[in-house]
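Here is the file protein_20.txt (compact mmCIF, C-alpha atoms).
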```txt
# COMPACT_ATOMS: atom_id res chain seq x y z
CA MET L 9 13.56 -8.87 9.25
CA HIS L 10 14.12 -8.45 5.53
CA PHE L 11 11.30 -7.09 3.34
CA LEU L 12 10.34 -6.82 -0.31
CA LEU L 13 8.81 -3.43 -1.07
CA LEU L 14 6.71 -2.34 -4.04
CA GLY L 15 5.68 1.30 -4.29
CA ALA L 16 8.62 2.36 -2.10
CA SER L 17 9.31 5.51 -4.14
CA GLY L 18 5.80 6.83 -3.56
CA ARG L 19 4.72 9.24 -0.84
CA THR L 20 3.62 6.51 1.57
CA GLY L 21 6.28 4.05 0.46
CA GLN L 22 9.13 6.41 1.31
CA HIS L 23 7.87 6.58 4.87
CA VAL L 24 7.67 2.78 4.98
CA VAL L 25 11.35 2.65 3.98
CA SER L 26 12.34 5.13 6.68
CA GLU L 27 10.28 3.32 9.31
CA LEU L 28 11.78 -0.07 8.47
CA LEU L 29 15.35 1.22 8.50
CA SER L 30 14.81 3.10 11.76
CA GLN L 31 13.87 -0.24 13.32
CA ASN L 32 17.03 -1.89 11.92
CA HIS L 33 15.18 -3.98 9.37
CA THR L 34 16.46 -4.33 5.81
CA ALA L 35 14.59 -4.13 2.51
CA VAL L 36 14.84 -4.51 -1.23
CA ALA L 37 12.64 -2.15 -3.25
CA LEU L 38 11.48 -2.80 -6.80
CA VAL L 39 10.93 0.59 -8.48
CA ARG L 40 9.78 1.35 -12.00
CA THR L 41 11.97 4.43 -12.56
CA SER L 42 15.72 4.40 -12.08
CA GLY L 43 16.78 7.11 -9.63
CA SER L 44 13.35 7.46 -8.03
CA LEU L 45 14.67 6.02 -4.78
CA THR L 46 18.22 6.35 -3.44
CA PRO L 47 19.93 3.23 -2.07
CA ARG L 48 21.22 3.55 1.48
CA PRO L 49 22.56 1.19 4.15
CA GLY L 50 19.95 -1.52 4.63
CA LEU L 51 18.09 -0.68 1.41
CA THR L 52 18.75 -2.23 -2.00
CA VAL L 53 16.98 -0.69 -4.98
CA ILE L 54 16.19 -2.68 -8.12
CA THR L 55 14.68 -1.18 -11.27
CA GLY L 56 11.90 -3.20 -12.82
CA SER L 57 8.16 -3.58 -13.17
CA PRO L 58 5.74 -5.06 -10.63
CA LEU L 59 3.98 -6.53 -13.67
CA SER L 60 7.05 -8.64 -14.51
CA LYS L 61 7.50 -11.89 -12.61
CA ASP L 62 11.14 -12.01 -13.74
CA ASP L 63 11.77 -8.57 -12.23
CA ILE L 64 10.08 -9.59 -8.99
CA ARG L 65 12.23 -12.73 -8.81
CA SER L 66 15.35 -10.61 -9.39
CA ALA L 67 14.38 -8.35 -6.52
CA LEU L 68 13.88 -11.28 -4.16
CA SER L 69 17.48 -12.40 -4.51
CA ALA L 70 19.14 -9.02 -5.04
CA ALA L 71 20.25 -7.96 -1.58
CA THR L 72 21.24 -10.97 0.42
CA PRO L 73 21.19 -14.78 0.34
CA GLN L 74 18.38 -14.47 2.87
CA LEU L 75 14.98 -14.18 1.21
CA PRO L 76 12.53 -11.54 2.43
CA SER L 77 10.29 -12.56 5.30
CA ALA L 78 7.38 -10.53 3.96
CA ALA L 79 6.29 -8.00 1.36
CA ILE L 80 4.73 -4.58 1.83
CA ILE L 81 2.91 -3.10 -1.17
CA THR L 82 2.08 0.62 -1.32
CA LEU L 83 1.43 0.86 -5.06
CA ASN L 84 -1.33 3.11 -6.34
CA THR L 85 -2.75 4.04 -9.70
CA VAL L 86 -1.35 7.14 -11.42
CA ARG L 87 -3.23 10.10 -12.91
CA LYS L 88 -1.76 12.87 -15.08
CA SER L 89 -1.85 15.19 -12.06
CA ASP L 90 -3.06 15.24 -8.47
CA SER L 91 -6.38 16.67 -9.62
CA PRO L 92 -9.15 14.14 -8.94
CA PHE L 93 -10.46 14.88 -12.44
CA ALA L 94 -7.13 14.18 -14.18
CA ALA L 95 -7.01 11.37 -16.71
CA GLN L 96 -5.90 7.95 -15.60
CA VAL L 97 -2.37 6.99 -16.71
CA SER L 98 -2.05 3.53 -15.19
CA PRO L 99 -3.39 0.65 -17.28
CA PRO L 100 -6.57 -1.11 -16.19
CA ARG L 101 -5.95 -3.67 -13.45
CA PHE L 102 -2.48 -2.28 -12.72
CA LEU L 103 -2.84 -2.89 -8.99
CA ALA L 104 -4.67 -6.19 -9.31
CA ASP L 105 -2.26 -7.66 -11.85
CA SER L 106 0.80 -6.41 -9.95
CA CYS L 107 -0.48 -7.96 -6.73
CA ALA L 108 -1.37 -11.22 -8.46
CA LYS L 109 2.11 -11.56 -9.96
CA VAL L 110 3.82 -10.70 -6.67
CA CYS L 111 1.70 -13.26 -4.81
CA GLU L 112 2.50 -15.94 -7.39
CA VAL L 113 6.25 -15.35 -7.16
CA LEU L 114 6.24 -15.11 -3.37
CA GLU L 115 4.18 -18.26 -2.93
CA LYS L 116 6.55 -20.27 -5.13
CA ALA L 117 9.46 -18.93 -3.06
CA GLY L 118 7.75 -20.00 0.17
CA ILE L 119 7.08 -16.40 1.31
CA LEU L 120 3.45 -16.11 2.36
CA ARG L 121 3.23 -12.86 4.35
CA ILE L 122 2.06 -9.78 2.45
CA VAL L 123 0.66 -6.44 3.64
CA VAL L 124 -1.11 -4.29 1.06
CA MET L 125 -2.07 -0.64 1.30
CA SER L 126 -5.71 -0.28 0.26
CA THR L 127 -8.30 2.42 0.77
CA ALA L 128 -11.48 2.99 2.74
CA GLY L 129 -14.56 2.32 0.62
CA VAL L 130 -13.28 -0.98 -0.72
CA GLY L 131 -15.27 -4.15 -0.09
CA ASP L 132 -17.43 -4.25 3.01
CA SER L 133 -16.31 -0.76 4.07
CA TRP L 134 -18.31 0.89 1.26
CA ASP L 135 -21.58 0.96 3.19
CA ASN L 136 -20.02 2.95 6.04
CA LEU L 137 -18.29 5.49 3.80
CA PRO L 138 -19.88 8.95 4.30
CA PHE L 139 -22.37 9.93 1.60
CA LEU L 140 -20.31 12.85 0.33
CA SER L 141 -17.25 10.61 0.04
CA LYS L 142 -19.25 8.19 -2.09
CA ALA L 143 -20.44 11.07 -4.28
CA PHE L 144 -16.86 12.35 -4.68
CA LEU L 145 -15.61 8.91 -5.73
CA GLY L 146 -18.43 8.48 -8.22
CA TRP L 147 -17.97 11.95 -9.73
CA THR L 148 -14.17 11.97 -10.11
CA ASN L 149 -11.54 9.79 -11.71
CA VAL L 150 -10.48 8.60 -8.27
CA LYS L 151 -13.11 5.93 -8.86
CA TYR L 152 -10.69 4.05 -11.11
CA ALA L 153 -8.25 3.61 -8.22
CA LEU L 154 -11.10 2.38 -6.03
CA GLU L 155 -12.12 -0.15 -8.68
CA ASP L 156 -8.56 -1.46 -8.95
CA HIS L 157 -8.16 -1.69 -5.17
CA SER L 158 -11.48 -3.57 -5.10
CA LEU L 159 -10.10 -6.15 -7.54
CA VAL L 160 -7.05 -6.63 -5.32
CA ASP L 161 -9.37 -7.08 -2.33
CA LYS L 162 -11.39 -9.79 -4.06
CA GLU L 163 -8.54 -11.66 -5.71
CA ILE L 164 -5.97 -11.77 -2.89
CA ARG L 165 -8.52 -13.67 -0.81
CA LEU L 166 -8.32 -16.51 -3.34
CA THR L 167 -4.57 -16.96 -2.84
CA LYS L 168 -2.71 -18.97 -0.20
CA MET L 169 -1.01 -15.84 1.08
CA ASP L 170 -1.18 -14.61 4.68
CA TRP L 171 -2.50 -11.24 3.56
CA THR L 172 -3.54 -8.06 5.33
CA LEU L 173 -5.34 -5.19 3.59
CA VAL L 174 -4.88 -1.81 5.27
CA ARG L 175 -7.75 0.46 4.21
CA ALA L 176 -6.68 4.02 4.86
CA VAL L 177 -9.20 6.86 5.04
CA ARG L 178 -8.23 10.06 3.23
CA LEU L 179 -4.43 10.26 3.20
CA GLU L 180 -2.94 13.50 4.51
CA PHE L 181 0.29 14.40 2.72
CA GLU L 182 0.89 17.89 4.13
CA ASN L 183 3.79 18.19 6.57
CA GLN L 184 5.16 14.82 5.52
CA LYS L 185 5.55 14.94 1.76
CA ARG L 186 8.73 17.05 1.74
CA ASP L 187 10.53 15.03 4.42
CA PRO L 188 10.24 11.25 4.08
CA THR L 189 12.77 10.83 6.92
CA ASN L 190 10.28 12.38 9.36
CA THR L 191 9.18 9.49 11.55
CA GLN L 192 6.98 11.56 13.89
CA ALA L 193 3.61 9.90 13.49
CA GLU L 194 0.41 9.84 15.48
CA GLU L 195 -1.01 6.50 16.50
CA VAL L 196 -3.82 5.25 14.30
CA LYS L 197 -7.30 4.20 15.28
CA THR L 198 -8.60 0.97 13.75
CA LEU L 199 -12.24 0.72 12.66
CA GLY L 200 -12.42 -2.95 11.73
CA SER L 201 -12.87 -4.10 8.17
CA THR L 202 -16.18 -2.27 7.70
CA GLY L 203 -15.02 1.13 8.97
CA VAL L 204 -17.93 1.69 11.33
CA GLY L 205 -17.81 5.30 12.51
CA MET L 206 -15.98 6.81 9.51
CA ARG L 207 -16.55 10.57 9.16
CA MET L 208 -16.01 13.07 6.37
CA ALA L 209 -13.38 14.84 8.47
CA ASP L 210 -11.32 11.69 9.02
CA SER L 211 -7.81 11.49 7.63
CA VAL L 212 -4.58 9.64 8.31
CA SER L 213 -1.08 10.97 7.73
CA VAL L 214 1.24 9.07 5.42
CA ALA L 215 3.72 8.75 8.30
CA SER L 216 1.05 7.19 10.52
CA ALA L 217 -0.11 4.84 7.76
CA ALA L 218 3.47 3.76 7.04
CA ARG L 219 4.18 3.07 10.71
CA PHE L 220 1.02 0.96 10.93
CA LEU L 221 1.91 -1.01 7.78
CA VAL L 222 5.31 -1.86 9.25
CA LYS L 223 3.84 -2.76 12.65
CA VAL L 224 1.31 -5.11 11.02
CA ALA L 225 4.02 -6.75 8.90
CA VAL L 226 6.55 -7.15 11.71
CA GLU L 227 4.13 -8.32 14.40
CA GLY L 228 1.92 -10.49 12.19
CA LEU L 229 -1.29 -8.61 12.95
CA PHE L 230 -4.66 -8.78 11.12
CA VAL L 231 -3.73 -11.87 9.08
CA HIS L 232 -6.45 -12.72 6.55
CA SER L 233 -8.20 -9.48 7.47
CA ALA L 234 -8.86 -6.00 6.17
CA VAL L 235 -8.73 -3.05 8.56
CA VAL L 236 -9.75 0.59 8.15
CA ILE L 237 -7.38 3.11 9.78
CA THR L 238 -7.64 6.79 10.70
CA ASN L 239 -5.78 9.19 12.98
```
Any chance you could put this one into structure tokens?
Amino acid sequence: MHFLLLGASGRTGQHVVSELLSQNHTAVALVRTSGSLTPRPGLTVITGSPLSKDDIRSALSAATPQLPSAAIITLNTVRKSDSPFAAQVSPPRFLADSCAKVCEVLEKAGILRIVVMSTAGVGDSWDNLPFLSKAFLGWTNVKYALEDHSLVDKEIRLTKMDWTLVRAVRLEFENQKRDPTNTQAEEVKTLGSTGVGMRMADSVSVASAARFLVKVAVEGLFVHSAVVITN
């Protein structure tokens, strides 16, 4: 299969690239910063903005006459640092507007399958989020990412896309962040859309999340559904 990727230069997105290529799929990645992702056999890299429909169209036709079968989005909002108290850099609605533009372009091209990386706490999973996690989100600037993911969650349901929202619990970057070619990943546990049974100690590695995103996209799982995942 051939995929369109947005967010492929990020910490989860790089693992998605490696997972796809290891399974002999191909992909075209739209990245905002030139040089942030190195082209390799099976991967075409296009520089542009996910907020530009023209750039998205260019990415669709960049690699091969064959259009992508599906899109995988691992975009996230950006803060000035990894500190949860750092100021937000991304504009308001960055995720929601990017997703809306991608869906519009894909739908017109006849590509309806899209898998989007989301986060636990969005939508109907909020009630099952542990109390301390709710307090952390409300106290820190991470809340802005949650708000943007929530907009994506609400608005993608109004499209004609065959969408899946993968709501990851706390992402674990240690042991994976320095080696995006590491494909050793534990299996994930799914907790439905509401995340019943989520615990404060729960986490999911970026490698595991990436493998699950690819599996869902390739096998057509959880269409028109959200699903919470943890290791």
Contact residues around Pro138 in chain L with all atoms listed in the file at 7 Å, ignoring same-chain residues under 4 positions, as number ranges by chain | L: 142, 206-208
Within 10 Å of Gly15 in chain L using all atoms listed in the file, minus same-chain residues under 2 positions, as a PyMOL selection string = chain L and resi 13+17-22+24+37-40+58+80-84+125
Name the closest residue to Leu137 in chain L among the candidates L:Ala95, L:Ala176, L:Ala225, L:Ala117; distances are taken between atoms, counting all atoms listed in the file.
->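 Counting all atoms listed in the file, the residue closest to Leu137 in chain L is L:Ala176.
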CA of Val113 in chain L to CA of Ala78 in chain L: how many Å, to one decimal?
->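 One can read the CA of Val113 in chain L to CA of Ala78 in chain L distance as 12.2 Å.
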Shell of 10 Å around range 46-56 of chain L, all atoms listed in the file, local chain residues under 2 positions omitted, as a VMD selection string = chain L and resid 10 to 13 16 to 17 25 to 26 28 to 30 32 to 44 58 to 64 66 to 68 70 to 72
Rounded to one decimal in Å, what is the spacing between CA of Lys116 in chain L and CA of Leu75 in chain L?
-> 12.2 Å
Rank nothing, just name the residue among L:Leu199, L:Leu45, L:Val214, L:Val174 nearest to His232 in chain L, using only C-alpha atoms.
-> L:Val174
For Met169 in chain L, work out the shell of residues within 9 Å, counting all atoms listed in the file and skipping chain neighbours fewer than 3 positions away, then give it as a ChimeraX atom specification.
-> /L:111,114-115,119-122,164-166,232
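Considering all atoms listed in the file, the residue among L:Ala94, L:Cys107, L:Leu173, L:Val123 positioned nearest to Ile237 in chain L is L:Leu173.
Distances from L:Val177, L:Val150, L:Ala218, L:Thr202 to Asp90 in chain L were compared using only C-alpha atoms, and the smallest one belongs to L:Val150.
Of the listed residues L:Ser158, L:Thr198, L:Asn136, L:Thr148, the one whose atoms come nearest to Pro92 in chain L is L:Thr148, with distances taken using only C-alpha atoms.
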Best match for closeness to Gln74 in chain L among L:Ser233, L:Met9, L:Lys109, L:His23, counting only C-alpha atoms |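 Smallest distance to Gln74 in chain L is found for L:Met9.
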